[in-house]
Amino acid sequence: MGTSSPKAIIMDETAVQRAITRIAHEIVERNEGCDDLAIVGIVTRGDILAKQLADQIKQIEGVDVAQGSLDISFYRDDFATHISPEVHATRIPFNVDGKRIVLVDDVLFTGRTIRAALDAIMDLGRPSSIELAVLVDRGHRELPISPDFVGKNVPSSRGENVRLFCKEVDGRTSVEITDVEPGSRIGSAPLGGE
Amino acid sequence: MFNNHKHLIDISEYSDSELMTILQTAKAFSEVNERAIKKVPTLKGKTIVNMFNEPSTRTRSSFELAEKRLSADTLNFGGSSTSTVKGESLIDTVMTLDAYKIDCIVVRDKHAGAPYIVSQASPAVVIDAGDGKHGHPTQALLDLYSIWERKGSFDGLKVGVVGDIGHSRVCGSLIPALKIMGAEVTAVGPNTLMPPRPDILGADHVSNSLDDVLPDLDVVYMLRIQRERLEGAPFPSEREYHQLYGLTKARERLMRPDAIVCHPGPINRGVEFDSYMPDHPERSVILDQVYAGICVRMAALYLLLGGADNGLAS
């Protein structure tokens with residue numbers, strides 16, 4: 001995994017913050033409050049965003065919403081060719097039955113991660129609904145999946161990577177477009193940055 | 001394929017970071033085992049043969065549960081029901097199994113080296129589930145996991161392995177694995193139960209006195225006397241062995257306050273233990289080890305059976 005310089009910075013820290021604040025308002029508005037609401041982030045960066053969304057919702061409504069993190073390694077459809085080098089434990093500290101779950105990920109691309117996440121949640125119980133919030137929708141869907149809450153739509157080519165960098169793991173917060181390095185895979189940023 | 005490892009036969013081929021990856025993956029599987037629905041679809045469509053040519057209850061049931069909770073299809077094969085009793089060679093048996101298009105063979109055999117022979121004869125992934133006096137790598141992994149859960153780290157950890165070192169395949173994997181992780185290992189037992197060269201296993205110290213060693217240990221790993229493998233009379237009586245090497249309530253006062261007790265099972269109360277120590281509420285991790293067995297076997301199967309090119313996941 002070499003270092004690649006960004007072709008473009010699509011969102012800076014302020015823009016990411018604004019998008020999170022707006023999505024938090026939209027989630028509360030769409031769900032008419034926080035009853036039975038639960039925010040579930042897909043590790044690693046979706047989980048970081050989920051925590052920020054939960055904090056925002058607390059500021060807006062004054063309520064601590066249920067929050068969890070989901071590792072989808074065991075549900076991937078490309079297990080035969082790629083295994084996740086680092087598997088985190090799924091942490092859902094509440095009963096998902098009857099919950100209105102908002103699934104959070106950083107970049108929505110083929111939709112395969114979300115397919116895996118839906119299966120993973122369904123194995124834990126029967127939520128009353130699942131909605132999808134993403135910071136960036138870059139298109140190129142391979143499955144019939146569409147987000148309910150979007151930070152920014154970013155038209156991209158398949159030969160590019162669209163990545164969220166988070167202060168918590170990368171030292172900076174931004175969304176960047178980079179070329180795909182030869183031999184590396186398209187997808188979100190590796191753990192701990194590049 | 002896990003890094004460049006196709007099989008899990010000799011644990012000393014794995015590095016400290018690779019063993020730690022297995023433990024961390026096992027931790028993620030521990031969450032799956034706590035769920036109401038203890039199953040993930042990861043190994044859907046993979047076929048795993050459990051070839052147990054020697055009696056085993058816990059290793060076999062633990063592997064079978066691990067495979068089923070990963071959604072693999074399993075075939076239990078071996079013992080008196082196989083064609084080996086009709087004179088078929090191990091290699092011919094393996095070639096027959098391969099004709100079924102299987103993905104993995106878990107091998108338990110009374111002959112050391114059998115899993116290696118199987119790995120040479122078959123394109124499948126081979127996991128050693130205990131072979132002769134050679135090794136038992138998944139047992140070592142579950143021991144590491146149980147110790148890691150309680151102690152948090154292996155650096156400078158003082159581990160005493162007590163008892164029948166010479167006949168123990170557990171030691172063949174456990175002592176090298178502990179050394180890889182940075183622990184300090186003392187082999188404790190009468191000379192008659194030591195292998196001819198205890199240093200080959202990698203033990204830092206060898207002692208004939210449990211009482212001398214006990215006050216220093218963070219982990220006391222008790223072994224079962226392998227009655228079925230004993231030749232001659234290595235000690236005068238089980239009663240004498242118990243008095244010298246048994247971990248008893250009376251001996252507990254020599255132990256560090258935070259020292260833990262492990263045992264690979266099955267335990268013999270009255271020989272290596274009294275009836276109190278295996279059930280010690282704070283010190284005994286024996287049942288945690290049994291649980292860890294499922295988690296580490298799921299982790300090993302997951303890491304070895306996935307990822308043809310082991311690329312980074314997106």
# chains A, B, ... in the order shown; residues from 1 in each chain; ligands from 1
$ interface_residues --of "chain B" --to "chain A" --cutoff "12 Å" --atoms "only C-alpha atoms" --output "PyMOL selection string"
chain B and resi 1-3+17-18+20-46+69-71+103+298-299+301-314
$ residues_around --residues "Arg126 in chain A" --least-positions-apart "5" --cutoff "12 Å" --atoms "only C-alpha atoms" --output "number ranges by chain"
A: 95-101, 118-121; B: 37
$ select_by_dssp --residues "range 95-149 of chain A" --states "helix (DSSP H, G or I)" --output "list in words"
Arg112, Thr113, Ile114, Arg115, Ala116, Ala117, Leu118, Asp119, Ala120, Ile121 and Met122 of chain A
$ write_last_selection --atoms "N, CA and C atoms" --output "short mmCIF file (atom, residue, chain, number, x, y, z; two decimals), in the first residue's frame"
data_model
loop_
_atom_site.label_atom_id
_atom_site.label_comp_id
_atom_site.auth_asym_id
_atom_site.auth_seq_id
_atom_site.Cartn_x
_atom_site.Cartn_y
_atom_site.Cartn_z
N ARG A 112 -22.25 -3.56 -1.64
CA ARG A 112 -22.05 -4.91 -1.11
C ARG A 112 -21.80 -4.92 0.40
N THR A 113 -21.13 -3.89 0.89
CA THR A 113 -20.92 -3.79 2.34
C THR A 113 -22.28 -3.67 3.05
N ILE A 114 -23.17 -2.88 2.46
CA ILE A 114 -24.49 -2.67 3.08
C ILE A 114 -25.29 -3.96 3.04
N ARG A 115 -25.20 -4.69 1.94
CA ARG A 115 -25.87 -6.01 1.85
C ARG A 115 -25.41 -6.91 3.00
N ALA A 116 -24.10 -6.94 3.21
CA ALA A 116 -23.55 -7.76 4.29
C ALA A 116 -24.03 -7.26 5.65
N ALA A 117 -24.07 -5.93 5.81
CA ALA A 117 -24.49 -5.36 7.09
C ALA A 117 -25.95 -5.68 7.38
N LEU A 118 -26.79 -5.66 6.34
CA LEU A 118 -28.22 -6.00 6.54
C LEU A 118 -28.35 -7.43 7.04
N ASP A 119 -27.59 -8.35 6.42
CA ASP A 119 -27.61 -9.75 6.88
C ASP A 119 -27.14 -9.86 8.32
N ALA A 120 -26.07 -9.11 8.64
CA ALA A 120 -25.50 -9.18 9.99
C ALA A 120 -26.52 -8.71 11.02
N ILE A 121 -27.24 -7.63 10.71
CA ILE A 121 -28.24 -7.12 11.66
C ILE A 121 -29.40 -8.10 11.80
N MET A 122 -29.82 -8.65 10.67
CA MET A 122 -30.96 -9.59 10.71
C MET A 122 -30.64 -10.84 11.54
#
$ residues_around --residues "range 147-150 of chain B" --least-positions-apart "4" --cutoff "9 Å" --atoms "only C-alpha atoms" --output "compact mmCIF listing (two decimals) with all heavy atoms, in the first residue's frame"
# COMPACT_ATOMS: atom_id res chain seq x y z
N LEU B 23 -5.69 -14.61 17.83
CA LEU B 23 -6.38 -14.36 19.10
C LEU B 23 -7.39 -13.23 18.96
O LEU B 23 -8.51 -13.31 19.50
CB LEU B 23 -5.36 -14.01 20.20
CG LEU B 23 -4.29 -15.06 20.53
CD1 LEU B 23 -3.50 -14.65 21.77
CD2 LEU B 23 -4.90 -16.43 20.75
N LEU B 142 -5.94 -22.04 22.15
CA LEU B 142 -6.99 -21.76 23.13
C LEU B 142 -6.37 -21.48 24.50
O LEU B 142 -6.90 -20.69 25.29
CB LEU B 142 -8.03 -22.89 23.19
CG LEU B 142 -7.66 -24.23 23.80
CD1 LEU B 142 -7.94 -24.25 25.30
CD2 LEU B 142 -8.49 -25.32 23.14
N ASP B 143 -5.21 -22.11 24.78
CA ASP B 143 -4.50 -21.80 26.02
C ASP B 143 -4.00 -20.35 25.99
O ASP B 143 -4.16 -19.61 26.96
CB ASP B 143 -3.31 -22.75 26.21
CG ASP B 143 -3.74 -24.20 26.37
OD1 ASP B 143 -4.87 -24.42 26.86
OD2 ASP B 143 -2.98 -25.11 26.00
N PHE B 154 1.66 -11.20 27.24
CA PHE B 154 2.52 -12.35 27.51
C PHE B 154 3.93 -11.94 27.92
O PHE B 154 4.74 -12.78 28.29
CB PHE B 154 2.61 -13.26 26.28
CG PHE B 154 1.29 -13.87 25.89
CD1 PHE B 154 0.49 -13.28 24.92
CD2 PHE B 154 0.85 -15.03 26.50
CE1 PHE B 154 -0.72 -13.85 24.58
CE2 PHE B 154 -0.36 -15.60 26.16
CZ PHE B 154 -1.16 -15.00 25.19
N VAL B 219 1.06 -18.17 35.81
CA VAL B 219 0.14 -19.15 35.25
C VAL B 219 0.65 -20.55 35.61
O VAL B 219 1.82 -20.87 35.36
CB VAL B 219 0.05 -19.03 33.70
CG1 VAL B 219 -0.87 -20.11 33.13
CG2 VAL B 219 -0.42 -17.64 33.28
N ILE B 260 -3.19 -17.82 37.94
CA ILE B 260 -4.33 -18.59 37.43
C ILE B 260 -3.92 -20.04 37.15
O ILE B 260 -2.74 -20.35 37.03
CB ILE B 260 -4.95 -17.96 36.16
CG1 ILE B 260 -3.91 -17.87 35.03
CG2 ILE B 260 -5.53 -16.59 36.48
CD1 ILE B 260 -4.51 -17.52 33.69
N CYS B 262 -4.56 -23.44 34.72
CA CYS B 262 -5.06 -23.97 33.45
C CYS B 262 -4.88 -25.49 33.41
O CYS B 262 -4.03 -26.05 34.12
CB CYS B 262 -4.29 -23.41 32.26
SG CYS B 262 -4.24 -21.64 32.14
N VAL B 285 -9.26 -21.38 35.17
CA VAL B 285 -9.82 -20.94 33.89
C VAL B 285 -10.13 -22.15 33.02
O VAL B 285 -10.27 -22.02 31.80
CB VAL B 285 -8.87 -19.96 33.16
CG1 VAL B 285 -8.64 -18.71 33.99
CG2 VAL B 285 -7.54 -20.60 32.81
N GLN B 289 -11.17 -22.20 29.11
CA GLN B 289 -10.36 -22.81 28.04
C GLN B 289 -11.26 -23.60 27.09
O GLN B 289 -11.06 -23.57 25.88
CB GLN B 289 -9.31 -23.74 28.63
CG GLN B 289 -8.17 -23.03 29.34
CD GLN B 289 -7.26 -24.05 30.03
OE1 GLN B 289 -7.52 -24.46 31.15
NE2 GLN B 289 -6.21 -24.46 29.35
$ closest_residue --among "B:Arg197, B:His167, B:Arg58, B:His7" --to "Ala124 in chain B" --atoms "only C-alpha atoms"
B:His7
$ closest_residue --among "A:Ile145, A:Asp137, A:Lys58, A:Glu13" --to "Gly33 in chain A" --atoms "only C-alpha atoms"
A:Lys58
$ residues_around --residues "Thr186 in chain B" --least-positions-apart "3" --cutoff "9 Å" --atoms "only C-alpha atoms" --output "PyMOL selection string"
chain B and resi 158-162+203-207+213+217
$ select_by_dssp --residues "range 253-296 of chain B" --states "strand (DSSP E or B)" --output "ChimeraX atom specification"
/B:260-262,269,273,284
$ atom_distance --atom1 "CA of Asp258 in chain B" --atom2 "CA of Phe273 in chain B"
18.6 Å
$ residues_around --residues "Val154 in chain A" --least-positions-apart "3" --cutoff "12 Å" --atoms "only C-alpha atoms" --output "ChimeraX atom specification"
/A:8-11,107-109,134-140,150-151,157,160-163,175-177
$ write_last_selection --atoms "N, CA and C atoms" --output "PDB file, in the first residue's frame"
ATOM      1  N   ALA A   8      -8.131  15.413  -5.324  1.00  0.00           N
ATOM      2  CA  ALA A   8      -9.007  16.508  -4.910  1.00  0.00           C
ATOM      3  C   ALA A   8      -9.507  16.249  -3.508  1.00  0.00           C
ATOM      4  N   ILE A   9      -9.638  17.327  -2.738  1.00  0.00           N
ATOM      5  CA  ILE A   9     -10.284  17.227  -1.428  1.00  0.00           C
ATOM      6  C   ILE A   9     -11.723  17.677  -1.622  1.00  0.00           C
ATOM      7  N   ILE A  10     -12.644  16.748  -1.429  1.00  0.00           N
ATOM      8  CA  ILE A  10     -14.045  17.043  -1.720  1.00  0.00           C
ATOM      9  C   ILE A  10     -14.736  17.704  -0.539  1.00  0.00           C
ATOM     10  N   MET A  11     -14.389  17.258   0.652  1.00  0.00           N
ATOM     11  CA  MET A  11     -14.979  17.844   1.853  1.00  0.00           C
ATOM     12  C   MET A  11     -13.855  18.072   2.855  1.00  0.00           C
ATOM     13  N   VAL A 107     -18.492   5.756   2.984  1.00  0.00           N
ATOM     14  CA  VAL A 107     -18.637   5.929   1.539  1.00  0.00           C
ATOM     15  C   VAL A 107     -19.505   4.802   0.983  1.00  0.00           C
ATOM     16  N   LEU A 108     -20.584   5.157   0.294  1.00  0.00           N
ATOM     17  CA  LEU A 108     -21.431   4.148  -0.353  1.00  0.00           C
ATOM     18  C   LEU A 108     -20.969   3.991  -1.798  1.00  0.00           C
ATOM     19  N   PHE A 109     -20.637   2.750  -2.173  1.00  0.00           N
ATOM     20  CA  PHE A 109     -20.055   2.484  -3.505  1.00  0.00           C
ATOM     21  C   PHE A 109     -20.862   1.369  -4.160  1.00  0.00           C
ATOM     22  N   VAL A 134     -25.149   7.728   4.828  1.00  0.00           N
ATOM     23  CA  VAL A 134     -23.747   7.696   4.395  1.00  0.00           C
ATOM     24  C   VAL A 134     -23.232   9.116   4.248  1.00  0.00           C
ATOM     25  N   LEU A 135     -21.956   9.280   4.492  1.00  0.00           N
ATOM     26  CA  LEU A 135     -21.378  10.613   4.340  1.00  0.00           C
ATOM     27  C   LEU A 135     -21.232  10.947   2.857  1.00  0.00           C
ATOM     28  N   VAL A 136     -20.800   9.949   2.072  1.00  0.00           N
ATOM     29  CA  VAL A 136     -20.585  10.181   0.637  1.00  0.00           C
ATOM     30  C   VAL A 136     -21.234   9.059  -0.160  1.00  0.00           C
ATOM     31  N   ASP A 137     -21.998   9.434  -1.186  1.00  0.00           N
ATOM     32  CA  ASP A 137     -22.498   8.452  -2.158  1.00  0.00           C
ATOM     33  C   ASP A 137     -21.744   8.685  -3.456  1.00  0.00           C
ATOM     34  N   ARG A 138     -20.906   7.710  -3.851  1.00  0.00           N
ATOM     35  CA  ARG A 138     -20.079   7.901  -5.046  1.00  0.00           C
ATOM     36  C   ARG A 138     -20.616   7.157  -6.260  1.00  0.00           C
ATOM     37  N   GLY A 139     -21.804   6.547  -6.138  1.00  0.00           N
ATOM     38  CA  GLY A 139     -22.393   5.874  -7.288  1.00  0.00           C
ATOM     39  C   GLY A 139     -21.807   4.497  -7.542  1.00  0.00           C
ATOM     40  N   HIS A 140     -22.042   3.952  -8.752  1.00  0.00           N
ATOM     41  CA  HIS A 140     -21.540   2.628  -9.181  1.00  0.00           C
ATOM     42  C   HIS A 140     -22.132   1.483  -8.377  1.00  0.00           C
ATOM     43  N   VAL A 150     -27.849  11.333   2.916  1.00  0.00           N
ATOM     44  CA  VAL A 150     -26.562  11.444   2.229  1.00  0.00           C
ATOM     45  C   VAL A 150     -25.902  12.766   2.591  1.00  0.00           C
ATOM     46  N   GLY A 151     -24.618  12.709   2.951  1.00  0.00           N
ATOM     47  CA  GLY A 151     -23.872  13.939   3.205  1.00  0.00           C
ATOM     48  C   GLY A 151     -23.587  14.665   1.911  1.00  0.00           C
ATOM     49  N   SER A 157     -15.155   8.094 -10.906  1.00  0.00           N
ATOM     50  CA  SER A 157     -14.941   6.991 -11.845  1.00  0.00           C
ATOM     51  C   SER A 157     -14.523   5.763 -11.052  1.00  0.00           C
ATOM     52  N   GLU A 160     -11.081   5.427  -9.428  1.00  0.00           N
ATOM     53  CA  GLU A 160     -10.683   6.326  -8.351  1.00  0.00           C
ATOM     54  C   GLU A 160     -11.113   5.746  -7.008  1.00  0.00           C
ATOM     55  N   ASN A 161     -10.432   6.181  -5.971  1.00  0.00           N
ATOM     56  CA  ASN A 161     -10.852   5.878  -4.612  1.00  0.00           C
ATOM     57  C   ASN A 161     -11.450   7.134  -4.008  1.00  0.00           C
ATOM     58  N   VAL A 162     -12.551   6.989  -3.306  1.00  0.00           N
ATOM     59  CA  VAL A 162     -13.087   8.092  -2.529  1.00  0.00           C
ATOM     60  C   VAL A 162     -12.987   7.673  -1.071  1.00  0.00           C
ATOM     61  N   ARG A 163     -12.269   8.451  -0.283  1.00  0.00           N
ATOM     62  CA  ARG A 163     -11.968   8.004   1.073  1.00  0.00           C
ATOM     63  C   ARG A 163     -12.273   9.063   2.103  1.00  0.00           C
ATOM     64  N   VAL A 175     -12.651  14.309   3.157  1.00  0.00           N
ATOM     65  CA  VAL A 175     -12.993  13.308   2.151  1.00  0.00           C
ATOM     66  C   VAL A 175     -12.170  13.622   0.919  1.00  0.00           C
ATOM     67  N   GLU A 176     -11.426  12.628   0.425  1.00  0.00           N
ATOM     68  CA  GLU A 176     -10.491  12.872  -0.675  1.00  0.00           C
ATOM     69  C   GLU A 176     -10.684  11.861  -1.798  1.00  0.00           C
ATOM     70  N   ILE A 177     -10.414  12.323  -3.013  1.00  0.00           N
ATOM     71  CA  ILE A 177     -10.373  11.415  -4.174  1.00  0.00           C
ATOM     72  C   ILE A 177      -8.916  11.125  -4.490  1.00  0.00           C
TER      73      ILE A 177
END
